[in-house]
$ cat coords.txt   # compact mmCIF, C-alpha atoms
# COMPACT_ATOMS: atom_id res chain seq x y z
CA MET A 61 120.77 150.54 130.46
CA PRO A 62 123.44 149.23 128.02
CA PRO A 63 122.66 149.22 124.27
CA TYR A 64 122.33 145.44 124.43
CA GLN A 65 120.87 142.91 126.81
CA LEU A 66 121.89 139.37 127.57
CA VAL A 67 119.56 136.53 126.62
CA TYR A 68 120.80 133.03 127.34
CA GLY A 69 124.31 134.43 127.72
CA LYS A 70 124.34 136.13 124.26
CA ALA A 71 124.04 139.81 123.49
CA TYR A 72 121.29 141.18 121.26
CA HIS A 73 120.28 144.67 120.14
CA LEU A 74 116.82 146.02 120.48
CA SER A 75 115.28 146.98 117.14
CA MET A 76 114.17 150.36 118.50
CA GLU A 77 117.75 151.25 119.41
CA LEU A 78 118.94 150.22 115.96
CA GLU A 79 116.26 152.33 114.27
CA HIS A 80 117.26 155.30 116.41
CA ARG A 81 120.94 154.85 115.49
CA ALA A 82 120.11 154.55 111.78
CA TYR A 83 117.96 157.70 111.98
CA TRP A 84 120.76 159.52 113.83
CA ALA A 85 123.32 158.43 111.20
CA THR A 86 121.16 159.66 108.30
CA ASN A 87 120.63 163.02 109.98
CA PHE A 88 124.32 163.33 110.91
CA LEU A 89 125.47 162.68 107.33
CA ASN A 90 122.78 164.90 105.72
CA PHE A 91 121.51 161.81 103.98
CA ASP A 92 118.86 162.64 101.35
CA ALA A 93 116.88 159.48 100.55
CA LYS A 94 115.54 160.78 97.22
CA ALA A 95 118.95 161.83 95.88
CA THR A 96 120.50 158.58 97.03
CA GLY A 97 117.70 156.62 95.37
CA GLU A 98 118.33 158.45 92.10
CA LYS A 99 122.04 157.60 92.34
CA ARG A 100 121.32 153.97 93.23
CA LEU A 101 118.85 153.29 90.38
CA PRO A 102 121.50 153.30 87.57
CA GLN A 103 123.67 151.02 89.70
CA LEU A 104 120.79 148.56 90.09
CA ASN A 105 120.09 148.68 86.35
CA GLU A 106 123.76 148.01 85.64
CA LEU A 107 123.64 145.06 88.04
CA VAL A 108 120.64 143.58 86.21
CA GLU A 109 122.38 144.05 82.86
CA SER A 110 125.55 142.35 84.11
CA ARG A 111 123.51 139.41 85.45
CA ASN A 112 121.75 139.04 82.09
CA TYR A 113 125.08 139.19 80.28
CA ALA A 114 126.55 136.54 82.58
CA TYR A 115 123.52 134.28 82.03
CA GLU A 116 123.68 134.68 78.25
CA ASN A 117 127.43 134.06 78.25
CA HIS A 118 127.01 130.94 80.38
CA ALA A 119 124.22 129.64 78.11
CA LYS A 120 126.36 130.32 75.04
CA LEU A 121 129.34 128.45 76.51
CA TYR A 122 127.11 125.52 77.49
CA LYS A 123 125.61 125.31 73.98
CA GLU A 124 129.07 125.41 72.38
CA LYS A 125 130.31 122.67 74.70
CA ALA A 126 127.23 120.50 74.05
CA LYS A 127 127.61 120.98 70.27
CA LYS A 128 131.29 120.04 70.40
CA TRP A 129 130.44 116.90 72.42
CA HIS A 130 127.65 115.95 69.99
CA ASP A 131 129.71 116.63 66.85
CA LYS A 132 132.56 114.54 68.21
CA ARG A 133 130.24 111.50 68.41
CA ILE A 134 128.75 111.80 64.90
CA ALA A 135 130.11 109.09 62.66
CA THR A 136 130.82 110.28 59.12
CA ARG A 137 129.51 107.97 56.44
CA VAL A 138 130.87 107.81 52.91
CA PHE A 139 128.43 106.55 50.29
CA GLU A 140 129.23 105.41 46.76
CA PRO A 141 126.83 105.33 43.78
CA GLY A 142 125.37 101.84 43.36
CA GLN A 143 125.68 101.06 47.09
CA ARG A 144 122.60 99.63 48.85
CA VAL A 145 121.47 101.41 52.02
CA LEU A 146 118.63 101.37 54.56
CA LEU A 147 116.64 104.52 55.35
CA PHE A 148 115.86 105.38 58.98
CA ASN A 149 112.32 106.68 59.55
CA SER A 150 112.55 109.02 62.55
CA GLN A 151 108.78 109.68 62.58
CA LEU A 152 108.16 106.20 63.95
CA LYS A 153 109.95 107.21 67.14
CA LEU A 154 107.04 109.55 67.91
CA PHE A 155 104.44 106.79 67.44
CA PRO A 156 106.25 103.58 68.28
CA GLY A 157 104.75 100.35 67.11
CA LYS A 158 105.83 97.27 68.98
CA LEU A 159 106.75 95.29 65.88
CA LYS A 160 107.26 98.12 63.37
CA SER A 161 110.75 98.51 62.02
CA GLN A 162 112.12 102.03 61.93
CA TRP A 163 114.24 101.14 58.91
CA SER A 164 112.94 100.91 55.35
CA GLY A 165 114.68 99.78 52.21
CA PRO A 166 117.06 98.67 50.89
CA PHE A 167 117.55 101.56 48.47
CA VAL A 168 120.26 102.06 45.87
CA VAL A 169 122.41 105.20 46.02
CA THR A 170 122.21 106.89 42.59
CA GLU A 171 124.10 110.14 43.16
CA VAL A 172 126.40 111.57 45.87
CA SER A 173 127.23 115.29 46.12
CA PRO A 174 130.53 116.55 47.56
CA TYR A 175 128.63 118.06 50.52
CA GLY A 176 127.17 114.75 51.70
CA HIS A 177 123.80 114.99 49.95
CA VAL A 178 122.70 111.55 48.70
CA LYS A 179 119.99 110.67 46.13
CA LEU A 180 118.38 107.26 46.51

$ encode --input "coords.txt" --output "structure tokens"
Amino acid sequence: MPPYQLVYGKAYHLSMELEHRAYWATNFLNFDAKATGEKRLPQLNELVESRNYAYENHAKLYKEKAKKWHDKRIATRVFEPGQRVLLFNSQLKLFPGKLKSQWSGPFVVTEVSPYGHVKL
């Protein structure tokens, strides 16, 4: 009998024959499963470490790209002492009221620091 049989015109291998060939190959090569497993374990650990590194690197690149995109769209505002401004209340976004305004004021700017800090 050949090592394969035809089913619907296509060849297939019997699993028993494949197991026998794999067993023969391991015996022929003096294949020690325990020693091979000990050699393979550091390789698997290295593979896991490289996957983690790739994931962290990808996440880092994504965060940098998102920050650059966000920073590009921030409009810089220059305030002068004596200027009247409105204050945005971001807490109202969490509990929206239908007719509540998220802006309060007007307030007068009293002091401006060189780093953008403003006292109202």

$ atom_distance --input "coords.txt" --atom1 "CA of Tyr115 in chain A" --atom2 "CA of Gly97 in chain A"
26.7 Å

$ closest_residue --input "coords.txt" --among "A:Val178, A:Ala119, A:Lys125, A:Val108" --to "Arg144 in chain A" --atoms "all atoms listed in the file"
A:Val178

$ closest_residue --input "coords.txt" --among "A:Lys179, A:His118, A:Arg100, A:Arg111" --to "Gly142 in chain A" --atoms "all atoms listed in the file"
A:Lys179

$ atom_distance --input "coords.txt" --atom1 "CA of Ala95 in chain A" --atom2 "CA of Tyr113 in chain A"
28.2 Å

$ atom_distance --input "coords.txt" --atom1 "CA of Phe148 in chain A" --atom2 "CA of Lys123 in chain A"
26.8 Å

$ closest_residue --input "coords.txt" --among "A:Phe167, A:Tyr175, A:Phe88, A:Trp129" --to "Gln143 in chain A" --atoms "all atoms listed in the file"
A:Phe167

$ residues_around --input "coords.txt" --residues "Leu180 in chain A" --least-positions-apart "6" --cutoff "6 Å" --atoms "all atoms listed in the file" --output "PDB file with C-alpha atoms, in the frame of the given file"
ATOM      1  CA  VAL A 168     120.260 102.060  45.870  1.00  0.00           C
ATOM      2  CA  VAL A 169     122.410 105.200  46.020  1.00  0.00           C
ATOM      3  CA  THR A 170     122.210 106.890  42.590  1.00  0.00           C
TER       4      THR A 170
END

$ decode --input "coords.txt" --residues "range 94-121 of chain A" --atoms "N, CA, C and O atoms" --output "PDB file, in the first residue's frame"
ATOM      1  N   LYS A  94      13.691  15.864  26.447  1.00  0.00           N
ATOM      2  CA  LYS A  94      13.950  16.692  27.635  1.00  0.00           C
ATOM      3  C   LYS A  94      15.036  17.732  27.346  1.00  0.00           C
ATOM      4  O   LYS A  94      14.890  18.911  27.671  1.00  0.00           O
ATOM      5  N   ALA A  95      16.128  17.304  26.728  1.00  0.00           N
ATOM      6  CA  ALA A  95      17.218  18.236  26.409  1.00  0.00           C
ATOM      7  C   ALA A  95      16.748  19.292  25.419  1.00  0.00           C
ATOM      8  O   ALA A  95      17.094  20.470  25.537  1.00  0.00           O
ATOM      9  N   THR A  96      15.969  18.867  24.442  1.00  0.00           N
ATOM     10  CA  THR A  96      15.457  19.820  23.458  1.00  0.00           C
ATOM     11  C   THR A  96      14.510  20.819  24.114  1.00  0.00           C
ATOM     12  O   THR A  96      14.529  22.006  23.792  1.00  0.00           O
ATOM     13  N   GLY A  97      13.685  20.330  25.034  1.00  0.00           N
ATOM     14  CA  GLY A  97      12.782  21.228  25.753  1.00  0.00           C
ATOM     15  C   GLY A  97      13.539  22.264  26.562  1.00  0.00           C
ATOM     16  O   GLY A  97      13.148  23.426  26.623  1.00  0.00           O
ATOM     17  N   GLU A  98      14.649  21.836  27.186  1.00  0.00           N
ATOM     18  CA  GLU A  98      15.465  22.775  27.955  1.00  0.00           C
ATOM     19  C   GLU A  98      16.129  23.814  27.051  1.00  0.00           C
ATOM     20  O   GLU A  98      16.319  24.956  27.438  1.00  0.00           O
ATOM     21  N   LYS A  99      16.481  23.415  25.837  1.00  0.00           N
ATOM     22  CA  LYS A  99      17.061  24.367  24.881  1.00  0.00           C
ATOM     23  C   LYS A  99      15.990  25.314  24.338  1.00  0.00           C
ATOM     24  O   LYS A  99      16.261  26.475  24.048  1.00  0.00           O
ATOM     25  N   ARG A 100      14.785  24.804  24.184  1.00  0.00           N
ATOM     26  CA  ARG A 100      13.707  25.585  23.561  1.00  0.00           C
ATOM     27  C   ARG A 100      13.113  26.610  24.523  1.00  0.00           C
ATOM     28  O   ARG A 100      12.638  27.662  24.086  1.00  0.00           O
ATOM     29  N   LEU A 101      13.137  26.346  25.828  1.00  0.00           N
ATOM     30  CA  LEU A 101      12.525  27.237  26.805  1.00  0.00           C
ATOM     31  C   LEU A 101      13.110  28.652  26.779  1.00  0.00           C
ATOM     32  O   LEU A 101      12.359  29.627  26.738  1.00  0.00           O
ATOM     33  N   PRO A 102      14.448  28.836  26.761  1.00  0.00           N
ATOM     34  CA  PRO A 102      14.984  30.202  26.654  1.00  0.00           C
ATOM     35  C   PRO A 102      14.575  30.893  25.349  1.00  0.00           C
ATOM     36  O   PRO A 102      14.341  32.103  25.329  1.00  0.00           O
ATOM     37  N   GLN A 103      14.473  30.121  24.275  1.00  0.00           N
ATOM     38  CA  GLN A 103      14.043  30.717  23.007  1.00  0.00           C
ATOM     39  C   GLN A 103      12.610  31.214  23.105  1.00  0.00           C
ATOM     40  O   GLN A 103      12.276  32.291  22.591  1.00  0.00           O
ATOM     41  N   LEU A 104      11.741  30.447  23.766  1.00  0.00           N
ATOM     42  CA  LEU A 104      10.349  30.881  23.938  1.00  0.00           C
ATOM     43  C   LEU A 104      10.267  32.109  24.827  1.00  0.00           C
ATOM     44  O   LEU A 104       9.484  33.024  24.565  1.00  0.00           O
ATOM     45  N   ASN A 105      11.076  32.143  25.889  1.00  0.00           N
ATOM     46  CA  ASN A 105      11.096  33.323  26.760  1.00  0.00           C
ATOM     47  C   ASN A 105      11.574  34.562  25.999  1.00  0.00           C
ATOM     48  O   ASN A 105      11.044  35.659  26.172  1.00  0.00           O
ATOM     49  N   GLU A 106      12.585  34.374  25.166  1.00  0.00           N
ATOM     50  CA  GLU A 106      13.082  35.492  24.352  1.00  0.00           C
ATOM     51  C   GLU A 106      12.008  35.974  23.378  1.00  0.00           C
ATOM     52  O   GLU A 106      11.857  37.181  23.149  1.00  0.00           O
ATOM     53  N   LEU A 107      11.241  35.043  22.829  1.00  0.00           N
ATOM     54  CA  LEU A 107      10.156  35.408  21.926  1.00  0.00           C
ATOM     55  C   LEU A 107       9.091  36.232  22.642  1.00  0.00           C
ATOM     56  O   LEU A 107       8.620  37.248  22.124  1.00  0.00           O
ATOM     57  N   VAL A 108       8.744  35.829  23.861  1.00  0.00           N
ATOM     58  CA  VAL A 108       7.753  36.582  24.644  1.00  0.00           C
ATOM     59  C   VAL A 108       8.282  37.977  24.951  1.00  0.00           C
ATOM     60  O   VAL A 108       7.553  38.970  24.838  1.00  0.00           O
ATOM     61  N   GLU A 109       9.563  38.072  25.327  1.00  0.00           N
ATOM     62  CA  GLU A 109      10.151  39.380  25.621  1.00  0.00           C
ATOM     63  C   GLU A 109      10.155  40.275  24.387  1.00  0.00           C
ATOM     64  O   GLU A 109       9.858  41.473  24.475  1.00  0.00           O
ATOM     65  N   SER A 110      10.479  39.714  23.224  1.00  0.00           N
ATOM     66  CA  SER A 110      10.501  40.538  22.007  1.00  0.00           C
ATOM     67  C   SER A 110       9.093  40.985  21.626  1.00  0.00           C
ATOM     68  O   SER A 110       8.909  42.103  21.137  1.00  0.00           O
ATOM     69  N   ARG A 111       8.088  40.145  21.855  1.00  0.00           N
ATOM     70  CA  ARG A 111       6.705  40.561  21.597  1.00  0.00           C
ATOM     71  C   ARG A 111       6.298  41.697  22.522  1.00  0.00           C
ATOM     72  O   ARG A 111       5.666  42.664  22.097  1.00  0.00           O
ATOM     73  N   ASN A 112       6.650  41.581  23.807  1.00  0.00           N
ATOM     74  CA  ASN A 112       6.328  42.651  24.757  1.00  0.00           C
ATOM     75  C   ASN A 112       7.027  43.947  24.377  1.00  0.00           C
ATOM     76  O   ASN A 112       6.437  45.031  24.449  1.00  0.00           O
ATOM     77  N   TYR A 113       8.291  43.849  23.972  1.00  0.00           N
ATOM     78  CA  TYR A 113       9.026  45.039  23.560  1.00  0.00           C
ATOM     79  C   TYR A 113       8.379  45.684  22.345  1.00  0.00           C
ATOM     80  O   TYR A 113       8.233  46.907  22.283  1.00  0.00           O
ATOM     81  N   ALA A 114       7.976  44.861  21.378  1.00  0.00           N
ATOM     82  CA  ALA A 114       7.329  45.393  20.174  1.00  0.00           C
ATOM     83  C   ALA A 114       6.018  46.070  20.533  1.00  0.00           C
ATOM     84  O   ALA A 114       5.696  47.143  20.004  1.00  0.00           O
ATOM     85  N   TYR A 115       5.237  45.475  21.450  1.00  0.00           N
ATOM     86  CA  TYR A 115       3.958  46.081  21.857  1.00  0.00           C
ATOM     87  C   TYR A 115       4.198  47.409  22.552  1.00  0.00           C
ATOM     88  O   TYR A 115       3.524  48.398  22.258  1.00  0.00           O
ATOM     89  N   GLU A 116       5.177  47.444  23.478  1.00  0.00           N
ATOM     90  CA  GLU A 116       5.465  48.690  24.195  1.00  0.00           C
ATOM     91  C   GLU A 116       5.956  49.763  23.228  1.00  0.00           C
ATOM     92  O   GLU A 116       5.580  50.929  23.340  1.00  0.00           O
ATOM     93  N   ASN A 117       6.799  49.377  22.291  1.00  0.00           N
ATOM     94  CA  ASN A 117       7.325  50.333  21.325  1.00  0.00           C
ATOM     95  C   ASN A 117       6.198  50.885  20.453  1.00  0.00           C
ATOM     96  O   ASN A 117       6.144  52.079  20.175  1.00  0.00           O
ATOM     97  N   HIS A 118       5.295  50.004  20.023  1.00  0.00           N
ATOM     98  CA  HIS A 118       4.159  50.446  19.210  1.00  0.00           C
ATOM     99  C   HIS A 118       3.264  51.389  20.011  1.00  0.00           C
ATOM    100  O   HIS A 118       2.827  52.421  19.490  1.00  0.00           O
ATOM    101  N   ALA A 119       2.991  51.058  21.276  1.00  0.00           N
ATOM    102  CA  ALA A 119       2.155  51.914  22.109  1.00  0.00           C
ATOM    103  C   ALA A 119       2.816  53.269  22.322  1.00  0.00           C
ATOM    104  O   ALA A 119       2.152  54.313  22.275  1.00  0.00           O
ATOM    105  N   LYS A 120       4.131  53.260  22.517  1.00  0.00           N
ATOM    106  CA  LYS A 120       4.873  54.515  22.709  1.00  0.00           C
ATOM    107  C   LYS A 120       4.789  55.389  21.460  1.00  0.00           C
ATOM    108  O   LYS A 120       4.530  56.593  21.541  1.00  0.00           O
ATOM    109  N   LEU A 121       4.998  54.778  20.288  1.00  0.00           N
ATOM    110  CA  LEU A 121       4.914  55.539  19.041  1.00  0.00           C
ATOM    111  C   LEU A 121       3.519  56.096  18.824  1.00  0.00           C
ATOM    112  O   LEU A 121       3.352  57.241  18.382  1.00  0.00           O
TER     113      LEU A 121
END
